[in-house]
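Novice: Supplied structure: model.txt, compact mmCIF, C-alpha atoms.
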```txt
# COMPACT_ATOMS: atom_id res chain seq x y z
CA MET A 1 0.00 0.00 0.00
CA LYS A 2 2.87 2.40 0.73
CA GLN A 3 3.98 2.36 -2.91
CA GLN A 4 0.44 3.01 -4.17
CA VAL A 5 -0.02 6.00 -1.83
CA ASP A 6 3.43 7.32 -2.78
CA ASP A 7 2.41 7.10 -6.46
CA ILE A 8 -0.84 8.96 -5.77
CA ILE A 9 0.97 11.77 -3.94
CA ARG A 10 3.53 12.05 -6.75
CA ILE A 11 0.78 12.21 -9.39
CA PHE A 12 -1.09 14.81 -7.37
CA GLY A 13 2.02 16.97 -7.05
CA GLU A 14 2.47 16.91 -10.82
CA LEU A 15 -1.20 17.67 -11.45
CA ALA A 16 -1.34 20.44 -8.86
CA ASN A 17 1.32 22.36 -10.77
CA ILE A 18 -0.57 22.23 -14.08
CA PRO A 19 -2.88 25.27 -14.35
CA SER A 20 -6.51 24.19 -14.78
CA PRO A 21 -9.05 26.75 -13.56
CA THR A 22 -12.56 25.87 -14.72
CA GLY A 23 -12.75 26.59 -18.45
CA TYR A 24 -8.99 26.23 -18.98
CA THR A 25 -8.32 22.55 -18.29
CA HIS A 26 -6.81 21.29 -21.54
CA GLN A 27 -3.24 20.96 -20.22
CA ALA A 28 -4.32 18.89 -17.20
CA ILE A 29 -6.59 16.75 -19.37
CA ALA A 30 -3.60 16.12 -21.66
CA TYR A 31 -1.63 14.86 -18.63
CA VAL A 32 -4.43 12.38 -17.84
CA GLU A 33 -4.65 11.35 -21.48
CA ASP A 34 -0.92 10.58 -21.68
CA MET A 35 -1.06 8.44 -18.55
CA VAL A 36 -4.17 6.54 -19.66
CA LYS A 37 -2.65 5.90 -23.10
CA ASN A 38 0.46 4.46 -21.46
CA LEU A 39 -1.71 2.16 -19.33
CA GLY A 40 -3.63 1.03 -22.41
CA TYR A 41 -7.19 1.78 -21.32
CA PRO A 42 -9.71 3.03 -23.90
CA PHE A 43 -11.05 6.55 -23.42
CA SER A 44 -13.17 9.24 -24.99
CA LYS A 45 -13.94 12.93 -24.47
CA ASN A 46 -17.29 14.59 -24.14
CA GLN A 47 -18.25 17.81 -25.90
CA LYS A 48 -17.20 19.91 -22.88
CA GLY A 49 -13.70 18.44 -22.92
CA GLY A 50 -14.20 16.08 -19.99
CA PHE A 51 -12.49 12.70 -20.04
CA ILE A 52 -14.09 9.24 -19.79
CA ILE A 53 -11.93 6.14 -19.22
CA GLU A 54 -13.38 2.67 -19.80
CA VAL A 55 -12.40 -0.42 -17.83
CA PRO A 56 -14.18 -3.53 -19.16
CA GLY A 57 -15.56 -5.74 -16.40
CA ALA A 58 -16.84 -9.28 -16.03
CA THR A 59 -20.37 -7.98 -16.68
CA LYS A 60 -21.84 -5.15 -18.75
CA GLU A 61 -23.41 -3.54 -15.69
CA CYS A 62 -21.70 -0.17 -15.41
CA LEU A 63 -20.42 1.68 -12.35
CA GLY A 64 -19.35 5.27 -12.84
CA LEU A 65 -16.53 6.84 -10.83
CA SER A 66 -15.67 10.51 -10.96
CA ALA A 67 -13.26 13.20 -9.82
CA HIS A 68 -12.93 16.72 -11.19
CA ILE A 69 -9.76 18.22 -12.60
CA ASP A 70 -10.94 21.83 -12.76
CA THR A 71 -9.93 24.12 -9.92
CA LEU A 72 -10.74 27.49 -8.51
CA GLY A 73 -9.30 30.40 -10.44
CA ALA A 74 -10.22 33.77 -11.87
CA MET A 75 -10.58 35.74 -15.08
CA VAL A 76 -9.39 39.19 -16.07
CA ARG A 77 -12.28 41.61 -15.82
CA SER A 78 -10.58 44.81 -16.95
CA ILE A 79 -7.30 46.67 -17.30
CA THR A 80 -6.89 49.74 -15.11
CA PRO A 81 -5.40 53.02 -16.35
CA ARG A 82 -2.28 52.41 -14.22
CA GLY A 83 -1.62 48.98 -15.73
CA THR A 84 -3.01 46.56 -13.15
CA LEU A 85 -5.77 44.01 -13.75
CA THR A 86 -9.11 43.66 -12.03
CA LEU A 87 -10.48 40.16 -11.71
CA VAL A 88 -13.63 38.10 -11.28
CA PRO A 89 -13.60 34.77 -9.38
CA VAL A 90 -14.19 31.46 -11.15
CA GLY A 91 -15.64 29.17 -8.50
CA GLY A 92 -16.55 29.94 -4.91
CA PHE A 93 -13.84 31.09 -2.50
CA MET A 94 -13.04 33.83 -0.01
CA MET A 95 -11.04 36.67 -1.54
CA GLU A 96 -8.90 36.66 1.61
CA SER A 97 -7.60 33.23 0.57
CA ILE A 98 -5.91 34.61 -2.55
CA GLU A 99 -4.54 37.87 -1.17
CA GLY A 100 -0.79 37.83 -1.74
CA ALA A 101 -0.96 34.74 -3.98
CA TYR A 102 1.33 34.41 -6.96
CA CYS A 103 -0.55 33.69 -10.16
CA GLN A 104 -0.25 33.12 -13.88
CA LEU A 105 -2.12 34.93 -16.66
CA HIS A 106 -3.06 32.84 -19.70
CA THR A 107 -3.84 34.98 -22.74
CA ARG A 108 -6.11 33.99 -25.59
CA THR A 109 -3.09 34.24 -27.90
CA GLY A 110 -1.15 31.56 -25.99
CA LYS A 111 1.14 33.74 -23.89
CA THR A 112 1.73 33.26 -20.17
CA PHE A 113 2.69 35.97 -17.67
CA THR A 114 3.17 35.92 -13.92
CA GLY A 115 1.80 38.27 -11.31
CA THR A 116 0.66 38.75 -7.72
CA ILE A 117 -2.88 39.20 -6.40
CA LEU A 118 -3.11 42.17 -4.02
CA THR A 119 -5.64 44.57 -2.61
CA THR A 120 -5.86 48.05 -4.12
CA MET A 121 -4.36 49.28 -0.82
CA PRO A 122 -1.49 46.82 -0.48
CA SER A 123 0.77 48.64 1.97
CA VAL A 124 0.27 49.77 5.58
CA HIS A 125 2.98 52.37 4.96
CA THR A 126 0.86 54.16 2.39
CA TYR A 127 -2.84 53.62 3.01
CA ASP A 128 -4.77 54.49 6.17
CA ASP A 129 -7.40 51.84 5.51
CA SER A 130 -5.22 49.01 4.21
CA ARG A 131 -5.98 46.76 7.20
CA THR A 132 -9.73 47.32 7.22
CA GLN A 133 -10.39 47.46 3.48
CA GLU A 134 -13.04 44.89 2.57
CA ARG A 135 -11.62 41.93 0.67
CA ILE A 136 -14.07 41.75 -2.25
CA PRO A 137 -13.36 41.47 -5.99
CA LYS A 138 -13.65 45.22 -6.70
CA ASN A 139 -10.92 45.88 -4.12
CA MET A 140 -8.48 43.31 -5.54
CA GLU A 141 -6.11 43.56 -8.48
CA ILE A 142 -3.19 41.82 -10.14
CA ARG A 143 0.27 43.35 -10.29
CA ILE A 144 1.85 42.02 -13.50
CA ASP A 145 5.55 41.07 -13.53
CA GLU A 146 6.25 43.12 -16.65
CA GLU A 147 7.34 46.72 -17.23
CA VAL A 148 3.88 48.22 -17.62
CA ARG A 149 2.87 51.70 -16.55
CA ASN A 150 -0.53 52.09 -18.13
CA LYS A 151 -3.39 50.30 -19.90
CA GLU A 152 -1.76 50.59 -23.30
CA ASP A 153 1.41 48.83 -22.10
CA VAL A 154 -0.69 45.92 -20.85
CA MET A 155 -2.70 45.67 -24.06
CA ALA A 156 0.54 45.54 -26.02
CA LEU A 157 1.31 42.25 -24.25
CA ASP A 158 -1.93 40.75 -25.66
CA ILE A 159 -3.46 40.68 -22.17
CA SER A 160 -7.17 41.41 -22.31
CA PRO A 161 -10.46 40.90 -20.44
CA GLY A 162 -11.49 37.26 -20.49
CA ASP A 163 -7.99 35.88 -20.02
CA PHE A 164 -7.73 33.11 -17.42
CA ILE A 165 -5.88 33.43 -14.12
CA SER A 166 -4.49 30.41 -12.27
CA PHE A 167 -3.20 30.41 -8.69
CA ASP A 168 0.18 29.08 -7.60
CA PRO A 169 -0.70 25.85 -5.73
CA CYS A 170 2.27 26.05 -3.30
CA PHE A 171 2.45 22.24 -3.23
CA SER A 172 4.41 20.75 -0.33
CA TYR A 173 4.66 17.24 1.11
CA THR A 174 5.98 17.12 4.65
CA LYS A 175 8.01 14.45 6.42
CA SER A 176 5.06 13.99 8.80
CA GLY A 177 2.81 12.94 5.90
CA PHE A 178 0.84 16.14 5.32
CA ILE A 179 0.01 17.26 1.80
CA LYS A 180 -0.27 21.04 1.67
CA SER A 181 -1.49 22.66 -1.53
CA ARG A 182 -4.23 24.53 -3.25
CA HIS A 183 -6.44 22.32 -5.42
CA ILE A 184 -6.39 19.17 -3.27
CA ASP A 185 -10.07 19.61 -4.14
CA ASP A 186 -10.11 17.72 -6.37
CA LYS A 187 -6.84 16.86 -8.04
CA ALA A 188 -5.96 14.54 -5.15
CA SER A 189 -9.00 12.45 -6.09
CA VAL A 190 -8.02 12.49 -9.78
CA ALA A 191 -4.64 11.14 -8.63
CA ILE A 192 -6.42 8.44 -6.61
CA LEU A 193 -8.33 7.30 -9.70
CA LEU A 194 -5.16 7.31 -11.81
CA GLY A 195 -3.40 5.35 -9.06
CA LEU A 196 -6.27 2.86 -9.12
CA LEU A 197 -5.92 2.41 -12.88
CA LYS A 198 -2.18 1.89 -12.49
CA GLU A 199 -2.58 -0.79 -9.83
CA MET A 200 -5.39 -2.54 -11.73
CA LYS A 201 -3.20 -2.72 -14.83
CA GLU A 202 -0.15 -3.97 -12.90
CA LYS A 203 -2.21 -6.73 -11.23
CA SER A 204 -4.36 -7.51 -14.32
CA PHE A 205 -7.47 -6.92 -12.21
CA VAL A 206 -10.84 -7.20 -13.95
CA PRO A 207 -13.68 -5.64 -11.93
CA TYR A 208 -17.03 -7.40 -11.70
CA LYS A 209 -18.86 -4.34 -13.03
CA SER A 210 -17.52 -2.43 -15.99
CA LEU A 211 -16.16 0.96 -14.96
CA LYS A 212 -16.48 4.33 -16.61
CA ILE A 213 -14.19 6.82 -14.89
CA VAL A 214 -15.27 10.38 -15.51
CA ILE A 215 -12.71 13.18 -15.14
CA SER A 216 -14.97 16.21 -15.18
CA ASN A 217 -13.84 19.75 -15.93
CA TYR A 218 -16.69 22.08 -14.91
CA GLU A 219 -17.47 20.89 -11.38
CA GLU A 220 -16.47 24.09 -9.61
CA VAL A 221 -19.19 26.00 -11.46
CA GLY A 222 -21.88 23.35 -10.93
CA HIS A 223 -22.24 21.33 -14.12
CA GLY A 224 -19.23 19.03 -14.21
CA SER A 225 -21.04 15.73 -14.84
CA SER A 226 -24.45 17.05 -15.83
CA TYR A 227 -24.38 14.56 -18.73
CA LEU A 228 -23.26 10.95 -18.30
CA PRO A 229 -23.11 7.88 -20.54
CA HIS A 230 -26.53 6.25 -20.31
CA ASP A 231 -25.22 2.84 -19.22
CA ILE A 232 -24.00 4.19 -15.85
CA THR A 233 -26.48 2.98 -13.22
CA GLU A 234 -24.42 3.84 -10.12
CA PHE A 235 -22.21 6.88 -9.83
CA LEU A 236 -19.62 7.34 -7.07
CA ALA A 237 -17.90 10.72 -6.78
CA ILE A 238 -14.47 10.82 -5.20
CA ASP A 239 -14.08 14.40 -4.06
CA MET A 240 -13.19 15.73 -0.60
CA GLY A 241 -14.47 15.63 2.94
CA ALA A 242 -15.19 18.99 4.52
CA ILE A 243 -13.87 19.63 8.04
CA GLY A 244 -15.72 21.80 10.56
CA ASP A 245 -16.64 22.24 14.22
CA ASP A 246 -19.74 20.03 14.16
CA LEU A 247 -18.38 17.46 11.68
CA SER A 248 -16.74 14.11 12.43
CA GLY A 249 -14.19 14.00 9.63
CA ASP A 250 -10.55 15.03 9.72
CA GLU A 251 -7.47 14.92 7.50
CA TYR A 252 -6.71 11.30 8.39
CA LYS A 253 -10.15 9.86 7.56
CA VAL A 254 -12.22 9.11 4.51
CA SER A 255 -15.50 11.01 4.66
CA ILE A 256 -18.74 9.44 3.46
CA CYS A 257 -21.23 12.17 2.68
CA ALA A 258 -24.84 11.38 3.55
CA LEU A 259 -26.30 14.69 2.33
CA ASP A 260 -25.13 17.88 0.66
CA SER A 261 -26.79 20.91 -0.95
CA SER A 262 -28.44 18.66 -3.55
CA GLY A 263 -30.09 16.49 -0.88
CA PRO A 264 -29.52 12.95 0.44
CA TYR A 265 -27.24 10.54 -1.38
CA ASP A 266 -28.46 7.07 -2.25
CA TYR A 267 -29.39 5.09 0.85
CA ASP A 268 -28.14 1.68 -0.33
CA MET A 269 -24.88 2.95 -1.81
CA THR A 270 -24.09 4.94 1.32
CA ASN A 271 -24.89 1.95 3.54
CA LYS A 272 -22.63 -0.24 1.41
CA LEU A 273 -19.76 2.26 1.75
CA ILE A 274 -20.19 2.33 5.54
CA ALA A 275 -20.26 -1.47 5.70
CA ILE A 276 -17.07 -1.74 3.62
CA ALA A 277 -15.32 0.84 5.80
CA LYS A 278 -16.25 -1.15 8.90
CA GLU A 279 -15.25 -4.48 7.37
CA LYS A 280 -11.85 -3.14 6.29
CA ASN A 281 -11.38 -1.36 9.64
CA LEU A 282 -10.86 1.98 7.92
CA ASP A 283 -10.76 5.33 9.69
CA TYR A 284 -13.93 6.96 8.35
CA ALA A 285 -16.65 9.47 9.15
CA VAL A 286 -20.22 9.96 7.95
CA ASP A 287 -21.02 13.64 7.62
CA ILE A 288 -23.41 16.20 6.15
CA PHE A 289 -22.15 19.04 3.93
CA PRO A 290 -24.92 21.63 3.44
CA HIS A 291 -22.67 24.08 1.52
CA TYR A 292 -21.28 21.50 -0.88
CA GLY A 293 -22.03 20.04 -4.30
CA SER A 294 -20.37 17.28 -6.33
CA ASP A 295 -20.29 15.61 -9.73
CA VAL A 296 -23.12 13.40 -8.47
CA SER A 297 -25.13 16.52 -7.61
CA ALA A 298 -24.66 17.81 -11.17
CA ALA A 299 -25.53 14.42 -12.67
CA LEU A 300 -28.76 14.15 -10.69
CA ARG A 301 -29.79 17.70 -11.50
CA GLY A 302 -28.99 16.97 -15.15
CA GLY A 303 -31.67 14.27 -15.22
CA ASN A 304 -29.43 11.22 -15.41
CA ASN A 305 -31.18 7.96 -14.51
CA MET A 306 -28.79 6.73 -11.84
CA LYS A 307 -28.13 6.64 -8.12
CA GLY A 308 -25.12 8.24 -6.51
CA ALA A 309 -22.86 8.52 -3.49
CA LEU A 310 -19.88 10.61 -2.41
CA ILE A 311 -16.61 9.93 -0.58
CA GLY A 312 -13.30 11.74 -0.17
CA GLN A 313 -10.28 12.39 2.01
CA GLY A 314 -10.75 15.02 4.69
CA VAL A 315 -9.45 18.42 3.58
CA HIS A 316 -8.79 21.25 6.02
CA ALA A 317 -9.42 24.86 4.87
CA SER A 318 -11.17 23.72 1.70
CA HIS A 319 -11.20 26.28 -1.11
CA GLY A 320 -8.31 28.00 0.63
CA MET A 321 -4.79 26.89 1.52
CA GLU A 322 -5.81 23.27 1.79
CA ARG A 323 -4.22 20.38 3.66
CA THR A 324 -4.79 16.65 3.93
CA HIS A 325 -2.70 13.69 5.10
CA ARG A 326 -1.48 10.53 3.42
CA LYS A 327 -3.64 8.55 5.89
CA GLY A 328 -6.72 10.28 4.47
CA ILE A 329 -5.57 9.39 0.95
CA GLU A 330 -4.95 5.78 1.98
CA ASN A 331 -8.36 5.37 3.67
CA THR A 332 -10.12 6.85 0.64
CA TYR A 333 -8.19 4.61 -1.74
CA GLU A 334 -8.94 1.50 0.32
CA LEU A 335 -12.66 2.32 0.47
CA LEU A 336 -12.76 2.87 -3.28
CA LYS A 337 -11.00 -0.44 -3.89
CA GLY A 338 -13.43 -2.18 -1.58
CA TYR A 339 -16.42 -0.73 -3.43
CA ILE A 340 -15.26 -2.09 -6.79
CA GLY A 341 -14.28 -5.43 -5.24
CA PHE A 342 -10.52 -5.04 -5.76
```
Would you mind giving the structure from this file in structure tokens?
Specialist:
Amino acid sequence: MKQQVDDIIRIFGELANIPSPTGYTHQAIAYVEDMVKNLGYPFSKNQKGGFIIEVPGATKECLGLSAHIDTLGAMVRSITPRGTLTLVPVGGFMMESIEGAYCQLHTRTGKTFTGTILTTMPSVHTYDDSRTQERIPKNMEIRIDEEVRNKEDVMALDISPGDFISFDPCFSYTKSGFIKSRHIDDKASVAILLGLLKEMKEKSFVPYKSLKIVISNYEEVGHGSSYLPHDITEFLAIDMGAIGDDLSGDEYKVSICALDSSGPYDYDMTNKLIAIAKEKNLDYAVDIFPHYGSDVSAALRGGNNMKGALIGQGVHASHGMERTHRKGIENTYELLKGYIGF
């Protein structure tokens, strides 16, 4: 198991450093495609650019698994007269969580520039209200790492409204087993699914049910898996477990979500996940996430004829400077393997 978890953490570290804010995921999808090609599994893409990997099983009954590769990010809203950029969030996060963050700008002409996200009053030496200024989009801007002094200088670089902004993930893996990074939600789960494919191929494992593994790319804006292949009858999202004062999960556990903003998850699937966790003596928690949605939420709202459930490693400070632990990854991976009978 140690080698499998090490592989997952390595894959996550590589994925975390590939920019993929919602709407700009082609480079991360290409990473997945290269790995799946090397493993020899068939795949296809949907019209939105999402990725579907097929694992033939002993029967034609089809279980869907999902994780999303899109992350939080932003988009250029406008260029100011003094040569900074205003921004609009892509996905839901606190503006405080990106203050001071390094970022990349991805132009529509294929250029990439670096910058820093700051408030419009970024220094206590200069501004009376710098400490109390409200951290909202209109009070935030990007300082570009180029010699620009005005709007015209910025436009000459081909930077324009509608360009994507990705955040530096600050990935770090500590000796004590903690994984610190932006975008653990949900690239850690993508890494878990890729690790599963790798181990299945190495051990020539054939699941009882055929698998369709969906790597969605619009989850952070609510419609990641709104359309699914019609043969999927069960759909299990591997995402993240939220951590809070009245919740049971933590960074070392796998969370099984009973209900989120879309309502209750399937009773039988959730019961099966709990039973497997108990049988395998996993460290797990059953929790409710009222401010949360998943690929299963999108699939159900999209009218797909299926039932769904949700699991994931506990993630502290979700949608901020996130952290989980290799024990949480391991428990999630073991529960996933148990569900597919591996």
Novice: Which polymer residues have any atom within 12 Å of an atom of Glu147 in chain A, counting only C-alpha atoms, with same-chain residues fewer than 6 positions away left out, as a list in words?
Specialist: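 Listed by chain and then number, they are Arg82, Gly83, Thr84, Phe113, Gly115, Asp153, Val154, Ala156 and Leu157 of chain A.
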Novice: Kindly indicate which residue among A:Glu322, A:Gly222, A:Glu334, A:Cys257 lies nearest to Arg301 in chain A, using all atoms listed in the file for the distances.
Specialist: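 Between A:Glu322, A:Gly222, A:Glu334, A:Cys257, the residue approaching Arg301 in chain A most closely is A:Gly222.
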Novice: Which residue is closest to Phe43 in chain A? Choose from A:Ala58, A:Ala16, A:Ser130, A:Lys212 and count all atoms listed in the file.
Specialist: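 Checking each of A:Ala58, A:Ala16, A:Ser130, A:Lys212 against Phe43 in chain A, counting all atoms listed in the file, the winner is A:Lys212.
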Novice: For Leu335 in chain A, which residue among A:His319, A:His230, A:Lys253, A:Lys37 is the nearest when counting only C-alpha atoms?
Specialist: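 The answer is A:Lys253, which sits nearest to Leu335 in chain A.
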Novice: Near range 277-284 of chain A, counting all atoms listed in the file, which residues have an atom at most 8 Å away, once you skip same-chain residues fewer than 4 positions from it, shown as a PyMOL selection string?
Specialist: chain A and resi 249+252-256+273+331+334-335
Novice: For range 18-29 of chain A, please output as a PyMOL selection string all residues within 6 Å (counting all atoms listed in the file; exclusion window: fewer than 6 positions along the same chain).
Specialist: chain A and resi 70-73+166+218
Novice: What is the distance, in Å and to one decimal place, between CA of Ser172 in chain A and CA of Thr324 in chain A?
Specialist: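 Taking CA of Ser172 in chain A and CA of Thr324 in chain A, their separation equals 10.9 Å.
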Novice: Do you know which residues lie at most 10 Å from (-27.9, 11.5, -13.7), with coordinates as in the file and only C-alpha atoms counted, and could you write them as a ChimeraX atom specification?
Specialist: /A:225-230,232-235,295-308
Novice: Write out as an NGL selection string which residues come within 9 Å of Leu193 in chain A when counting only C-alpha atoms, dropping same-chain ones fewer than 4 positions away.
Specialist: :A and (8 or 65-67 or 188-189 or 197-198 or 213 or 238 or 333 or 336)
Novice: For the atom pair CA of Asn150 in chain A and CA of Ser78 in chain A, what is the interatomic distance in Å to one decimal place?
Specialist: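 So the two atoms, CA of Asn150 in chain A and CA of Ser78 in chain A, lie 12.5 Å apart.
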Novice: Distance CA of Val221 in chain A-CA of Ser181 in chain A, one decimal place?
Specialist: 20.6 Å
Novice: Please provide as a PDB file with C-alpha atoms, keeping the file's coordinate frame all residues within 9 Å of Thr86 in chain A, with the sequence filter that same-chain residues fewer than 2 positions apart are discarded (counting all atoms listed in the file).
Specialist:
```pdb
ATOM      1  CA  MET A  75     -10.580  35.740 -15.080  1.00  0.00           C
ATOM      2  CA  VAL A  76      -9.390  39.190 -16.070  1.00  0.00           C
ATOM      3  CA  ARG A  77     -12.280  41.610 -15.820  1.00  0.00           C
ATOM      4  CA  SER A  78     -10.580  44.810 -16.950  1.00  0.00           C
ATOM      5  CA  ILE A  79      -7.300  46.670 -17.300  1.00  0.00           C
ATOM      6  CA  THR A  80      -6.890  49.740 -15.110  1.00  0.00           C
ATOM      7  CA  THR A  84      -3.010  46.560 -13.150  1.00  0.00           C
ATOM      8  CA  VAL A  88     -13.630  38.100 -11.280  1.00  0.00           C
ATOM      9  CA  PRO A 137     -13.360  41.470  -5.990  1.00  0.00           C
ATOM     10  CA  LYS A 138     -13.650  45.220  -6.700  1.00  0.00           C
ATOM     11  CA  ASN A 139     -10.920  45.880  -4.120  1.00  0.00           C
ATOM     12  CA  MET A 140      -8.480  43.310  -5.540  1.00  0.00           C
ATOM     13  CA  GLU A 141      -6.110  43.560  -8.480  1.00  0.00           C
ATOM     14  CA  ILE A 142      -3.190  41.820 -10.140  1.00  0.00           C
ATOM     15  CA  PRO A 161     -10.460  40.900 -20.440  1.00  0.00           C
TER      16      PRO A 161
END
```
Novice: Of the candidates A:Leu85, A:Leu196, A:Ile340, A:Val32, which one gets nearest to Ile276 in chain A if we count all atoms listed in the file?
Specialist: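 Once distances to Ile276 in chain A are computed over all atoms listed in the file, the minimum belongs to A:Ile340.
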Novice: Compare A:Gln47, A:Ser294, A:Ser210, A:Ser176 by their minimum atom-to-atom distance to Asp260 in chain A, counting only C-alpha atoms, and give me the closest one.
Specialist: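 Between A:Gln47, A:Ser294, A:Ser210, A:Ser176, the residue approaching Asp260 in chain A most closely is A:Ser294.
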Novice: With only C-alpha atoms as the atoms that count, which of A:Tyr31, A:Val148, A:Phe167, A:Thr174 lies nearest to Pro81 in chain A?
Specialist: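 Ranked by minimum distance to Pro81 in chain A, first place goes to A:Val148.
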